[in-house]
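Trainee: I am attaching a structure below and will ask some questions about it afterwards.
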Protein chains: 2
Amino acid sequence: MAKEKKLVEAITSMEEDFAQWYTDVVKKAELIDYSSIRGCMILRPNGYAIWENIQKELDRRFKETGVENVYLPMFIPESLLQKEKDHVEGFAPEVAWVTHGGLEPLQERLCVRPTSETLFCDLYSNIIQSYRDLPKLYNQWCSVVRWEKTTRPFLRSMEFLWQEGHTAHATAEEAEERTIQMLNVYSDFCEQVLAIPMIKGRKTDKEKFAGAHSTYTIEAMMHDGKALQSGTSHNFGDGFARAFDIQYTDKDNTLQYVHQTSWGLSTRIIGAIIMVHGDDSGLVLPPRIAPVQVMITPIAQHKEGVLGKAFELKEKLGAFRVKVDDSDKSPGWKFSEQEMRGIPIRIEIGPKDMEANQAVIVRRDTREKIAASLDNMEAAVGEVLDSMQEEMLKRAREHRDTHTYSAAGFEEFKEAVAGRPGFVKAMWCGDRACEDTIKEQTGATSRCIPFKQEEIADTCVCCGKKAKTMVYWGKAY
Amino acid sequence: MAKEKKLVEAITSMEEDFAQWYTDVVKKAELIDYSSIRGCMILRPNGYAIWENIQKELDRRFKETGVENVYLPMFIPESLLQKEKDHVEGFAPEVAWVTHGGLEPLQERLCVRPTSETLFCDLYSNIIQSYRDLPKLYNQWCSVVRWEKTTRPFLRSMEFLWQEGHTAHATAEEAEERTIQMLNVYSDFCEQVLAIPMIKGRKTDKEKFAGAHSTYTIEAMMHDGKALQSGTSHNFGDGFARAFDIQYTDKDNTLQYVHQTSWGLSTRIIGAIIMVHGDDSGLVLPPRIAPVQVMITPIAQHKEGVLGKAFELKEKLGAFRVKVDDSDKSPGWKFSEQEMRGIPIRIEIGPKDMEANQAVIVRRDTREKIAASLDNMEAAVGEVLDSMQEEMLKRAREHRDTHTYSAAGFEEFKEAVAGRPGFVKAMWCGDRACEDTIKEQTGATSRCIPFKQEEIADTCVCCGKKAKTMVYWGKAY
């Protein structure tokens, strides 16, 4: 029992200290471990398996829209990085530089990719000649490095895993269409699979990607009311094409610049899964992304027939990702370990259950216990997983909506941000100065100009001048 | 027609200049493109899709043996790399060094991983405490960097993609068992999926991995008779465990060092697929690994009903990886493009075929044409793919066997290597000096000490002293 106590005690309560709760969970659920390199994390099997499921689901969705995977080098020569002015200004201060290869100093130093626009542009300038070569819809799964000063597991680390899509199109319209299409792929994936509702919108100029004409974003609200930018999709217009001379001959035999996009989603999203769904017992994983959906836990497993029955049940549940925990730990210890890992369902089966031809389904989010006949387990498990998935999304949406406020004036805005963490919907004149003032005085940044606009007031919440647009504001990770 | 001519002319004949043929094929089949960084290649969609299929197949086979995936950082602090003496000596001369992060010089420089033994050891020393924590069977899919002087696409590049498995075990026996088990996974995969027969064996001390007790290898013969080391599996004994202090408490409460293994297979294997199976028209992909197995090519596609029929056929062939080439290129151009890409089957369907309720299956390796009824296409395609897969392996094995020679004496050995490129089976006394002499005088290196031993003679082929073992020798990539 000493050990059981230890596992539960290891987690700080989320209401007491949310940041500490988060750190405890990622470590105790064995999602990550720290490494010898400052700011670099190790993805352990429980963490990496979530990423594998994310990859599988997203990759399928990308390919359905015609995207092809490629792999480009991890190094970018300094001269290549410098070709697009805004881009290099945005990234140069936070890259890692390789200066020596083997025992020799390099003639030109190389940065470890923080993102790969410049490499894709270099490739596109070589392989795009004619309108027949368009569109190019490339994506890569890789890791990137950004030399961050302060880091947190998943949310901000020096190296992280992601996918970056890079496309080239004949027209500005096609590029814009693709930018929005991929934002929708992200948003649908997050809602349907991760049970995380997203606010879709455009970033202000201040918050947009270095070198982009426009950046679109999906923003999620964490349990503590703070925002997490969860995926972005950029329209570059022909800016990079001009810098890298990416031209094609159109049907009228005229040279034209291509129009480009890029879009990325990273392991950061695992941080969102933790902070949207977790509770004081640990992780709660949405069934559709959970590496193990069902853990069968034999009770009194030394008794005759129990283990056999457990493995028989596993075979019957072949439609799900299911395991049997037949380790020599006590049932109580197994339960708290499974809860810490966020496994959606545990099934308890012991001698008494066997007598009654039943097993007990325990749902991770509500702790509800359902006795189900062994003849009907597949349907019963399917139903519980489906309703858990659905209700997790519903709860996350309700939490977000009840923590979203409207503010017409600045005092109201300040109160909203100070007292009740969450999103604030407020009008904005479009001036950078107001955005800066709001950040300075409240700590909230503009999350996005949502596609779904509302008319909160006529005037800017900060300066009182005529408002142009409604913006979501919030403190952010 | 000018364009068609160009595509065929673009390839050098393999008998004329095999090295040039290889370079032409990887470029013209659009497997890779060169990048701005010396020695780093770009994997284009046709090339990356092969790697994706390799990953999928191997990953499934790994997981069936209990392996779990993880992700470790790409950087290794210099002090960590230096912990195991042989290991650092082997790798330090060929790593890339990061010396600056952002605008600041680093206190300790970091190398970009050339392989991750040191990082896995560091992790294992933190997470292994008890016999209950063993075995650890971790693997990661990632890229690694080795600062090579001369590079060739797939075969030797500064950065390449691979998987590296790293395991820790309670006993020496278990570690040895796992080392051999993974070598067998590689070998079975290569034979069954890539249609490449492998010689399995142990590396000599000269050729083994830096820091390993023993290295096992699978060796394949390319079309030009040269060897390609295609995958390796290492048993480290407790050497790394002692250097990194990885100890566990056994059931008797005694501290013990773990025993470790590592095993890797890289994009190099794509070079083997090309060089074992290719011909003067380009790639020939084994059906089980081909990203596109069947390309339906409409003939006179502007005629009524042809395209419709082609797509209808695609639906019927849903069990395979199938595409329709409905581009506006000429059929002849499409054919040579598909042959260049190595697509196992093309199906021609035009108005005349439709009248006869048939389509024509053309097999990539033999060019055999088979008219098949449209009512029976799934079975017909399945049969052709199966026999193509089988015969490709058979041909590769025959080619290897007819280019494998035995040599009892050194003169015989030299003749074999000089006149007829291939493998030479010859006896060896076990002395490094003879291995060096053979390399100096013939250019051949020891490929492996095969598991399947033969008694070619009593004495070492080089020094004439008593022989210990039979070795495969050959010139290698």
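The way I read the labels, and the way they are meant: chains A, B, ... in the order of the structure tokens, residue 1 as the first residue of every chain, and ligand 1 as the first ligand shown, with later ones counted on from there.
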May I have a table of the residues of chain A lying at most 6 Å from chain B, giving each one's closest pair of atoms and their distance in Å to one decimal, counting only C-alpha atoms, ordered by chain and ascending residue number, as JSON lines?

Mentor:
```
{"residue": "A:Ile42", "atom": "CA", "partner": "B:Leu72", "partner_atom": "CA", "distance": 4.8}
{"residue": "A:Leu43", "atom": "CA", "partner": "B:Tyr71", "partner_atom": "CA", "distance": 4.9}
{"residue": "A:Arg44", "atom": "CA", "partner": "B:Val70", "partner_atom": "CA", "distance": 5.1}
{"residue": "A:Pro45", "atom": "CA", "partner": "B:Val70", "partner_atom": "CA", "distance": 5.2}
{"residue": "A:Tyr48", "atom": "CA", "partner": "B:Val70", "partner_atom": "CA", "distance": 5.5}
{"residue": "A:Glu68", "atom": "CA", "partner": "B:Pro45", "partner_atom": "CA", "distance": 5.9}
{"residue": "A:Asn69", "atom": "CA", "partner": "B:Pro45", "partner_atom": "CA", "distance": 5.7}
{"residue": "A:Val70", "atom": "CA", "partner": "B:Arg44", "partner_atom": "CA", "distance": 5.1}
{"residue": "A:Tyr71", "atom": "CA", "partner": "B:Leu43", "partner_atom": "CA", "distance": 4.9}
{"residue": "A:Leu72", "atom": "CA", "partner": "B:Ile42", "partner_atom": "CA", "distance": 4.8}
{"residue": "A:Pro93", "atom": "CA", "partner": "B:Gly102", "partner_atom": "CA", "distance": 4.6}
{"residue": "A:Glu94", "atom": "CA", "partner": "B:Gly102", "partner_atom": "CA", "distance": 4.4}
{"residue": "A:Val95", "atom": "CA", "partner": "B:Gly102", "partner_atom": "CA", "distance": 4.9}
{"residue": "A:Ala96", "atom": "CA", "partner": "B:Gly101", "partner_atom": "CA", "distance": 4.4}
{"residue": "A:Trp97", "atom": "CA", "partner": "B:His100", "partner_atom": "CA", "distance": 5.1}
{"residue": "A:Val98", "atom": "CA", "partner": "B:Val98", "partner_atom": "CA", "distance": 4.2}
{"residue": "A:His100", "atom": "CA", "partner": "B:Trp97", "partner_atom": "CA", "distance": 5.1}
{"residue": "A:Gly101", "atom": "CA", "partner": "B:Ala96", "partner_atom": "CA", "distance": 4.4}
{"residue": "A:Gly102", "atom": "CA", "partner": "B:Glu94", "partner_atom": "CA", "distance": 4.3}
{"residue": "A:Leu103", "atom": "CA", "partner": "B:Pro93", "partner_atom": "CA", "distance": 6.0}
{"residue": "A:Trp147", "atom": "CA", "partner": "B:Gly101", "partner_atom": "CA", "distance": 5.9}
```

Trainee: Contacts of segment 399-406 of chain A at 9 Å or less, counting only C-alpha atoms, minus same-chain residues fewer than 2 places along, as a PyMOL selection string?

Mentor: chain A and resi 197+220-223+225+394-397+408+412-413+416+420-426+456

Trainee: Could you save the residues just selected, with C-alpha atoms, as a short mmCIF file (atom, residue, chain, number, x, y, z; two decimals), in the first residue's frame?

Mentor:
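Heads up, here's the output in out.cif:
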```cif
data_model
loop_
_atom_site.label_atom_id
_atom_site.label_comp_id
_atom_site.auth_asym_id
_atom_site.auth_seq_id
_atom_site.Cartn_x
_atom_site.Cartn_y
_atom_site.Cartn_z
CA PRO A 197 -13.03 22.50 -29.66
CA ALA A 220 -7.92 26.13 -27.67
CA MET A 221 -8.71 26.92 -24.06
CA MET A 222 -6.95 24.95 -21.36
CA HIS A 223 -8.52 23.97 -18.05
CA GLY A 225 -8.51 29.36 -18.85
CA LYS A 394 -19.09 18.56 -24.89
CA ARG A 395 -17.51 19.24 -21.51
CA ALA A 396 -14.51 20.95 -23.10
CA ARG A 397 -16.83 23.15 -25.15
CA ALA A 408 -17.17 46.54 -24.47
CA GLU A 412 -14.56 45.55 -18.15
CA PHE A 413 -11.78 43.92 -20.17
CA ALA A 416 -12.45 39.87 -17.04
CA ARG A 420 -11.63 35.00 -14.27
CA PRO A 421 -9.04 33.55 -16.59
CA GLY A 422 -10.47 32.79 -19.98
CA PHE A 423 -11.08 34.32 -23.40
CA VAL A 424 -12.31 37.84 -23.82
CA LYS A 425 -14.17 38.87 -26.94
CA ALA A 426 -13.65 42.55 -27.61
CA ILE A 456 -19.71 43.43 -29.19
#
```

Trainee: Show me, as a PyMOL selection string, the residues that have an atom within 7 Å of segment 314-325 of chain B when counting only C-alpha atoms, minus same-chain residues fewer than 2 positions from it.

Mentor: chain B and resi 291-297+310-312+327+378

Trainee: Need to verify the contact set: Ala433 of chain B, 12 Å, only C-alpha atoms, exclusion of same-chain residues closer than 3 positions in sequence. Can you return it as a PDB file with N, CA and C atoms, in the first residue's frame?

Mentor:
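Written file, selection_31.pdb:
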```pdb
ATOM      1  N   ASP B 205      36.388  -8.442 -35.845  1.00  0.00           N
ATOM      2  CA  ASP B 205      36.647  -7.367 -34.880  1.00  0.00           C
ATOM      3  C   ASP B 205      36.972  -6.054 -35.573  1.00  0.00           C
ATOM      4  N   LYS B 206      37.671  -6.151 -36.703  1.00  0.00           N
ATOM      5  CA  LYS B 206      38.038  -4.940 -37.440  1.00  0.00           C
ATOM      6  C   LYS B 206      36.804  -4.174 -37.917  1.00  0.00           C
ATOM      7  N   TRP B 428      39.933 -18.290 -43.042  1.00  0.00           N
ATOM      8  CA  TRP B 428      40.684 -17.220 -42.388  1.00  0.00           C
ATOM      9  C   TRP B 428      41.186 -17.715 -41.038  1.00  0.00           C
ATOM     10  N   CYS B 429      42.428 -17.273 -40.728  1.00  0.00           N
ATOM     11  CA  CYS B 429      43.052 -17.703 -39.477  1.00  0.00           C
ATOM     12  C   CYS B 429      42.559 -16.909 -38.269  1.00  0.00           C
ATOM     13  N   GLY B 430      41.910 -15.769 -38.553  1.00  0.00           N
ATOM     14  CA  GLY B 430      41.427 -14.933 -37.454  1.00  0.00           C
ATOM     15  C   GLY B 430      42.334 -13.751 -37.158  1.00  0.00           C
ATOM     16  N   ASP B 436      43.977  -7.291 -43.241  1.00  0.00           N
ATOM     17  CA  ASP B 436      44.560  -6.074 -43.817  1.00  0.00           C
ATOM     18  C   ASP B 436      45.256  -6.374 -45.143  1.00  0.00           C
ATOM     19  N   THR B 437      46.001  -7.465 -45.178  1.00  0.00           N
ATOM     20  CA  THR B 437      46.720  -7.840 -46.401  1.00  0.00           C
ATOM     21  C   THR B 437      45.739  -8.087 -47.549  1.00  0.00           C
ATOM     22  N   ILE B 438      44.689  -8.813 -47.244  1.00  0.00           N
ATOM     23  CA  ILE B 438      43.695  -9.108 -48.289  1.00  0.00           C
ATOM     24  C   ILE B 438      43.106  -7.813 -48.831  1.00  0.00           C
ATOM     25  N   LYS B 439      42.797  -6.898 -47.950  1.00  0.00           N
ATOM     26  CA  LYS B 439      42.214  -5.630 -48.406  1.00  0.00           C
ATOM     27  C   LYS B 439      43.215  -4.857 -49.271  1.00  0.00           C
ATOM     28  N   GLU B 440      44.440  -4.775 -48.793  1.00  0.00           N
ATOM     29  CA  GLU B 440      45.478  -4.048 -49.535  1.00  0.00           C
ATOM     30  C   GLU B 440      45.692  -4.611 -50.933  1.00  0.00           C
ATOM     31  N   CYS B 460      44.316 -20.844 -43.758  1.00  0.00           N
ATOM     32  CA  CYS B 460      43.962 -19.454 -44.066  1.00  0.00           C
ATOM     33  C   CYS B 460      44.347 -19.131 -45.514  1.00  0.00           C
ATOM     34  N   CYS B 462      45.182 -16.504 -46.797  1.00  0.00           N
ATOM     35  CA  CYS B 462      46.231 -15.487 -46.920  1.00  0.00           C
ATOM     36  C   CYS B 462      47.584 -15.990 -46.398  1.00  0.00           C
ATOM     37  N   CYS B 463      47.648 -16.463 -45.154  1.00  0.00           N
ATOM     38  CA  CYS B 463      48.943 -16.792 -44.541  1.00  0.00           C
ATOM     39  C   CYS B 463      49.267 -18.281 -44.574  1.00  0.00           C
TER      40      CYS B 463
END
```

Trainee: Using only C-alpha atoms, pick whichever of A:Thr261, A:Ile246, A:Phe240, A:Tyr477 has the shortest atom-to-atom distance to Thr179 of chain A.

Mentor: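 Of all the options, A:Thr261 lies closest to Thr179 of chain A.
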
Trainee: Can you tell me, as a ChimeraX atom specification, which residues in segment 195-321 of chain B count as strand (DSSP E or B) by DSSP?

Mentor: /B:199-202,214-221,227-237,247-249,255-257,259-266,279,282,294-298

Trainee: Given the choices B:Glu435, B:Glu174, B:Glu454, B:Asp365, which gets closest to Leu283 of chain B if the distance is worked out from only C-alpha atoms?

Mentor: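 Ranking B:Glu435, B:Glu174, B:Glu454, B:Asp365 by distance to Leu283 of chain B, first place goes to B:Asp365.
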
Trainee: As an exercise, work out the distance from atom CA of Arg447 of chain A to atom CA of Cys434 of chain A in Å and give it to one decimal place.

Mentor: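 That distance, rounded to one decimal, is 14.2 Å.
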
Trainee: Identify, on the basis of only C-alpha atoms, every residue whose closest approach to Phe154 of chain B does not exceed 6 Å; exclude the query and any residue fewer than 4 positions from it along the same chain; express the result as a PyMOL selection string.

Mentor: chain B and resi 267-268+271

Trainee: Could those residues be written to a file, using C-alpha atoms, as a PDB file, in the first residue's frame?

Mentor:
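Final output, selection.pdb:
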```pdb
ATOM      1  CA  THR B 267      17.418   4.488 -46.170  1.00  0.00           C
ATOM      2  CA  ARG B 268      20.580   2.826 -47.515  1.00  0.00           C
ATOM      3  CA  GLY B 271      19.990   1.803 -52.649  1.00  0.00           C
TER       4      GLY B 271
END
```

Trainee: Using only C-alpha atoms, which of B:Ser230, B:Thr118, B:Asn253, B:Thr151 sits nearest Lys83 of chain B?

Mentor: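 That would be B:Thr118, the residue with the smallest distance to Lys83 of chain B.
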
Trainee: Rank nothing, just name the residue among B:Ser446, B:Thr469, B:Thr167, B:Ser125 nearest to Ala243 of chain B, using only C-alpha atoms.

Mentor: B:Ser125
